[in-house]
Amino acid sequence: MPAKQIHLAAHFPGVNNTTVWSDPRSASQIDFGSFVHLAETAERGKFDFFFLAEGLRLREMKGRIHDLDVAGRPESLTVLSALSAVTTRLGLAATVNSTFNEPYEVARRLATVDHLSGGRAAWNVVTSWDEFTGENFRRGGFLAEADRYARAAEFLRTARELWDSWADGDLVADPEAGEFARPGAGAFAHRGAQFDIAGRFNVPRPPQGHPVVIQAGDSFEGREFAAADADVIFSRHGTLEDGRAFYKDVKSRLARYGRRPDDLKIMPAVTYVLGDTEQDAAERAAEIRRAQVSPQNAIAFLEGYWGRDLSAYDPDGPLPDVEPDLDEGVSKGRAQFRGDRGETVRKWRALAAERGFSIRDLVIEATGRQTFVGTPRSVADRIDEFVQTDAADGFVFVPHLTPGGLDDLVEHVVPLLQEKGVFRTDYTGPTLRDHLGLRVPHAHSGRSEREAS
C-alpha cells in the first residue's frame, strides 16, 4: 500500500500566544512585504495553502489592547487578493466570521478571490461567542453555541446556493448575439430560519465550484458541522494518542452525510523548533517558550482566570494567595477564559504545589504546544509518523517569528519529506482542490463528483 501523502499549510502568525514579536528578527506583522515573504516561502516549499486568521475586535486586558493581538492588521481577504498576484499555485485561506457577516457579501468576496487566484481560495468558517465582539456590529449581542452553529450551517448552505446560481457556461459574453449571460444566470431565492434573501448573484461560478471550506470546532457541534460541510478541519490535538482518537471520531461521522474519508482533511495547528542535535533543539525550544510567555503576559494570563488585578505579584514567584473573583473579569475578547475558571484555578494550584512552579512556569506549562522539536531528520520522521498512523492528514505550521519563521522548515525538513516520497516535489494542478485531492462540486447539486483528469 503506498504511503499517504502529507498536506502542509502555513499560518501567518498573530492573534495568538505563539508570536515572539519582541525578537529582533521579527519584522512587521502588518506590512505587505511580510505577507509576501511568508507566502513565497510556503509556495517554494510546495505547501497546500497559506492561512490568515482574523479577529473582529482587538482583545483587551484591563482596558488596554493586549500585546499578543495585532493592532493595524489589514482585512484578510483584501490581503489574499493582493497575494494572488505574487503567487501562482499556493492556496489562499482566510477566516471570515459567520455570526457578524451576511452570506451574499461573503460569497461574493470569496468568489472574487477564487477568480483572481485561478481557483485557490479557501474560507475558514468561524463563529463569535462574545458580546464584546458583538458591540462592533449593528445587531450586537451574541448567540448561544447551538444557535451559532445553526446560523453558520445555514450561512454556508446559502453561500453555496449563491455560487451554484451560476452554472458552468452561463457566462457567454457573445457580442454577435448581444448576449452577456444565459437567462436565469445568478438567480437565487433562499428562504430559511436564519436568512430570507432572493435576487441575482453578480459573480460567475468560482473556478473551484466552491472555495475550499475550513472549520476549526472541536465541540460535538463543531465536529458534526465539519463532517457535514467542511473540506479541512483544524485540530488542537498535538499528541499521537489524542490525534488518532480525534481523527477516528471525525472521519467516522462522514458516511452519514454521504461522504468518504478523503473528503475531509484533518490538519492540526503545530509549531516546530529545529537544532543540530536533540539537546540543542530542546534548549532552543525552552528559550522560545520563555520568550513567548513574558513576565507581563504571565500575569495577564492569570488575571483572566482570577478576575483580579494581579500586577503586584511577582511572575517568578508563587501563585496568588487570593481566591479568584468568579463574578468579575479583567479581560475581554479572549475565548480561553471561558469554562469553569474556579476548577481550572484549583487544578493549577495543585500542579504548582506538586512541581514547584512559579506563575510564569505554570503559564508556560499551561499554554505550551511545541509539537515538533528536534533535528530536521527527527522532525521529518515525526511528521510522517502522525500521518501514516492516522493521527492527521497534515499540519498547519504556526511559526513564532514573522515573516521568516518557516524558512528553516522549508529548507531543511521539506526536502527530507520529499526524499521519503510522502510530500510532493511540485504542484500537480492549479487549484487548491487539486492540492488537497478534493472533489469539485457540480453546479446546482449538493453533491460532488471527482474531477475528470
# chains A, B, ... in the order shown; residues from 1 in each chain; ligands from 1
$ closest_atom_pairs --of "range 144-221 of chain A" --to "range 231-252 of chain A" --cutoff "6 Å" --atoms "only C-alpha atoms" --output "Markdown table"
| residue | atom | partner | partner_atom | distance |
| --- | --- | --- | --- | --- |
| A:Val213 | CA | A:Asp231 | CA | 5.2 |
| A:Ile214 | CA | A:Val232 | CA | 4.6 |
| A:Gln215 | CA | A:Ile233 | CA | 4.8 |
| A:Ala216 | CA | A:Phe234 | CA | 4.7 |
$ select_by_dssp --residues "range 172-237 of chain A" --states "alpha helix (DSSP H)" --output "PyMOL selection string"
chain A and resi 220-229
$ write_last_selection --atoms "N, CA and C atoms" --output "compact mmCIF listing (two decimals), in the first residue's frame"
# COMPACT_ATOMS: atom_id res chain seq x y z
N PHE A 220 -18.82 18.87 20.07
CA PHE A 220 -19.67 17.94 19.32
C PHE A 220 -20.26 18.64 18.11
N GLU A 221 -20.81 19.86 18.33
CA GLU A 221 -21.42 20.60 17.24
C GLU A 221 -20.39 20.93 16.15
N GLY A 222 -19.17 21.29 16.59
CA GLY A 222 -18.13 21.62 15.63
C GLY A 222 -17.70 20.42 14.80
N ARG A 223 -17.57 19.27 15.43
CA ARG A 223 -17.18 18.06 14.70
C ARG A 223 -18.26 17.66 13.71
N GLU A 224 -19.52 17.78 14.14
CA GLU A 224 -20.61 17.39 13.26
C GLU A 224 -20.72 18.36 12.08
N PHE A 225 -20.51 19.63 12.34
CA PHE A 225 -20.52 20.64 11.29
C PHE A 225 -19.43 20.34 10.27
N ALA A 226 -18.23 20.00 10.75
CA ALA A 226 -17.12 19.69 9.86
C ALA A 226 -17.42 18.44 9.03
N ALA A 227 -17.96 17.41 9.68
CA ALA A 227 -18.26 16.17 8.97
C ALA A 227 -19.29 16.39 7.87
N ALA A 228 -20.24 17.28 8.10
CA ALA A 228 -21.29 17.53 7.12
C ALA A 228 -20.83 18.46 6.01
N ASP A 229 -19.99 19.45 6.33
CA ASP A 229 -19.80 20.55 5.38
C ASP A 229 -18.36 20.96 5.09
$ closest_residue --among "A:His435, A:Arg377, A:Arg259, A:Arg89" --to "Val414 in chain A" --atoms "only C-alpha atoms"
A:Arg377
$ closest_residue --among "A:Leu83, A:Ala181, A:Val212, A:Ala350" --to "Thr431 in chain A" --atoms "only C-alpha atoms"
A:Val212
$ atom_distance --atom1 "CA of Ala391 in chain A" --atom2 "CA of Gln208 in chain A"
27.9 Å
$ residues_around --residues "range 318-320 of chain A" --least-positions-apart "5" --cutoff "8 Å" --atoms "only C-alpha atoms" --output "compact mmCIF listing (two decimals) with C-alpha atoms, in the first residue's frame"
# COMPACT_ATOMS: atom_id res chain seq x y z
CA LEU A 310 -2.55 40.74 39.91
CA TYR A 313 2.55 39.72 42.18
CA ARG A 349 -2.71 25.26 42.47
CA ALA A 352 2.17 24.30 41.04
CA PHE A 357 6.03 26.13 39.60
CA SER A 358 6.17 29.90 39.69
CA ILE A 359 3.43 31.91 37.98
$ select_by_dssp --residues "range 137-187 of chain A" --states "strand (DSSP E or B)" --output "PyMOL selection string"
chain A and resi 171-174+179-181+187
$ write_last_selection --atoms "N, CA and C atoms" --output "PDB file, in the first residue's frame"
ATOM      1  N   LEU A 171     -21.731  32.194 -18.315  1.00  0.00           N
ATOM      2  CA  LEU A 171     -21.120  33.449 -18.755  1.00  0.00           C
ATOM      3  C   LEU A 171     -20.803  33.308 -20.251  1.00  0.00           C
ATOM      4  N   VAL A 172     -21.588  33.963 -21.093  1.00  0.00           N
ATOM      5  CA  VAL A 172     -21.487  33.763 -22.538  1.00  0.00           C
ATOM      6  C   VAL A 172     -20.609  34.823 -23.191  1.00  0.00           C
ATOM      7  N   ALA A 173     -20.884  36.087 -22.923  1.00  0.00           N
ATOM      8  CA  ALA A 173     -20.126  37.209 -23.500  1.00  0.00           C
ATOM      9  C   ALA A 173     -20.019  37.068 -25.019  1.00  0.00           C
ATOM     10  N   ASP A 174     -21.158  36.938 -25.680  1.00  0.00           N
ATOM     11  CA  ASP A 174     -21.205  36.752 -27.131  1.00  0.00           C
ATOM     12  C   ASP A 174     -21.623  38.075 -27.784  1.00  0.00           C
ATOM     13  N   GLU A 179     -25.418  38.795 -26.295  1.00  0.00           N
ATOM     14  CA  GLU A 179     -25.772  38.086 -25.058  1.00  0.00           C
ATOM     15  C   GLU A 179     -24.559  38.027 -24.139  1.00  0.00           C
ATOM     16  N   PHE A 180     -24.719  38.557 -22.935  1.00  0.00           N
ATOM     17  CA  PHE A 180     -23.630  38.518 -21.955  1.00  0.00           C
ATOM     18  C   PHE A 180     -23.694  37.252 -21.097  1.00  0.00           C
ATOM     19  N   ALA A 181     -24.888  36.898 -20.666  1.00  0.00           N
ATOM     20  CA  ALA A 181     -25.052  35.726 -19.806  1.00  0.00           C
ATOM     21  C   ALA A 181     -26.341  35.012 -20.167  1.00  0.00           C
ATOM     22  N   ALA A 187     -29.640  33.819 -10.687  1.00  0.00           N
ATOM     23  CA  ALA A 187     -30.896  33.971  -9.945  1.00  0.00           C
ATOM     24  C   ALA A 187     -30.933  33.029  -8.757  1.00  0.00           C
TER      25      ALA A 187
END
$ residues_around --residues "Glu145 in chain A" --least-positions-apart "2" --cutoff "12 Å" --atoms "only C-alpha atoms" --output "PDB file with C-alpha atoms, in the first residue's frame"
ATOM      1  CA  THR A  99     -22.018  35.477  13.091  1.00  0.00           C
ATOM      2  CA  VAL A 126     -15.906  30.701  12.345  1.00  0.00           C
ATOM      3  CA  THR A 127     -18.488  31.970  14.806  1.00  0.00           C
ATOM      4  CA  SER A 128     -18.249  34.598  17.553  1.00  0.00           C
ATOM      5  CA  TRP A 129     -19.305  33.726  21.083  1.00  0.00           C
ATOM      6  CA  ASP A 130     -18.967  37.016  22.983  1.00  0.00           C
ATOM      7  CA  PHE A 142     -24.069  37.183  20.999  1.00  0.00           C
ATOM      8  CA  LEU A 143     -25.598  33.809  20.198  1.00  0.00           C
ATOM      9  CA  ASP A 147     -27.600  28.947  17.626  1.00  0.00           C
ATOM     10  CA  ARG A 148     -24.159  29.976  16.401  1.00  0.00           C
ATOM     11  CA  TYR A 149     -23.677  26.655  14.638  1.00  0.00           C
ATOM     12  CA  ALA A 150     -27.226  26.725  13.246  1.00  0.00           C
ATOM     13  CA  ARG A 151     -26.519  30.148  11.755  1.00  0.00           C
ATOM     14  CA  ALA A 152     -23.094  29.033  10.479  1.00  0.00           C
ATOM     15  CA  GLY A 217     -14.510  23.481  16.015  1.00  0.00           C
ATOM     16  CA  SER A 219     -17.025  20.509  20.284  1.00  0.00           C
ATOM     17  CA  PHE A 220     -19.667  17.938  19.315  1.00  0.00           C
ATOM     18  CA  GLU A 221     -21.418  20.602  17.237  1.00  0.00           C
ATOM     19  CA  GLY A 222     -18.126  21.622  15.632  1.00  0.00           C
TER      20      GLY A 222
END
$ atom_distance --atom1 "CA of Val322 in chain A" --atom2 "CA of Ser294 in chain A"
22.3 Å
$ decode --residues "range 350-362 of chain A" --atoms "N, CA and C atoms" --output "PDB file, in the first residue's frame"
ATOM      1  N   ALA A 350      -2.789  22.831  42.518  1.00  0.00           N
ATOM      2  CA  ALA A 350      -2.262  21.500  42.816  1.00  0.00           C
ATOM      3  C   ALA A 350      -1.023  21.217  41.973  1.00  0.00           C
ATOM      4  N   LEU A 351      -1.058  21.578  40.703  1.00  0.00           N
ATOM      5  CA  LEU A 351       0.083  21.353  39.820  1.00  0.00           C
ATOM      6  C   LEU A 351       1.288  22.170  40.254  1.00  0.00           C
ATOM      7  N   ALA A 352       1.067  23.434  40.607  1.00  0.00           N
ATOM      8  CA  ALA A 352       2.174  24.295  41.039  1.00  0.00           C
ATOM      9  C   ALA A 352       2.796  23.777  42.324  1.00  0.00           C
ATOM     10  N   ALA A 353       1.969  23.285  43.251  1.00  0.00           N
ATOM     11  CA  ALA A 353       2.494  22.744  44.507  1.00  0.00           C
ATOM     12  C   ALA A 353       3.299  21.477  44.249  1.00  0.00           C
ATOM     13  N   GLU A 354       2.821  20.635  43.350  1.00  0.00           N
ATOM     14  CA  GLU A 354       3.499  19.374  43.066  1.00  0.00           C
ATOM     15  C   GLU A 354       4.829  19.581  42.358  1.00  0.00           C
ATOM     16  N   ARG A 355       4.888  20.552  41.438  1.00  0.00           N
ATOM     17  CA  ARG A 355       6.082  20.714  40.601  1.00  0.00           C
ATOM     18  C   ARG A 355       6.907  21.938  40.949  1.00  0.00           C
ATOM     19  N   GLY A 356       6.478  22.689  41.964  1.00  0.00           N
ATOM     20  CA  GLY A 356       7.238  23.857  42.380  1.00  0.00           C
ATOM     21  C   GLY A 356       7.227  24.978  41.349  1.00  0.00           C
ATOM     22  N   PHE A 357       6.119  25.139  40.661  1.00  0.00           N
ATOM     23  CA  PHE A 357       6.031  26.132  39.600  1.00  0.00           C
ATOM     24  C   PHE A 357       5.831  27.534  40.143  1.00  0.00           C
ATOM     25  N   SER A 358       6.503  28.493  39.507  1.00  0.00           N
ATOM     26  CA  SER A 358       6.170  29.902  39.692  1.00  0.00           C
ATOM     27  C   SER A 358       4.990  30.230  38.781  1.00  0.00           C
ATOM     28  N   ILE A 359       4.510  31.485  38.870  1.00  0.00           N
ATOM     29  CA  ILE A 359       3.428  31.914  37.983  1.00  0.00           C
ATOM     30  C   ILE A 359       3.828  31.718  36.522  1.00  0.00           C
ATOM     31  N   ARG A 360       5.020  32.186  36.186  1.00  0.00           N
ATOM     32  CA  ARG A 360       5.464  32.098  34.788  1.00  0.00           C
ATOM     33  C   ARG A 360       5.667  30.647  34.359  1.00  0.00           C
ATOM     34  N   ASP A 361       6.240  29.835  35.244  1.00  0.00           N
ATOM     35  CA  ASP A 361       6.409  28.409  34.936  1.00  0.00           C
ATOM     36  C   ASP A 361       5.066  27.755  34.643  1.00  0.00           C
ATOM     37  N   LEU A 362       4.069  28.074  35.463  1.00  0.00           N
ATOM     38  CA  LEU A 362       2.752  27.480  35.292  1.00  0.00           C
ATOM     39  C   LEU A 362       2.141  27.871  33.944  1.00  0.00           C
TER      40      LEU A 362
END
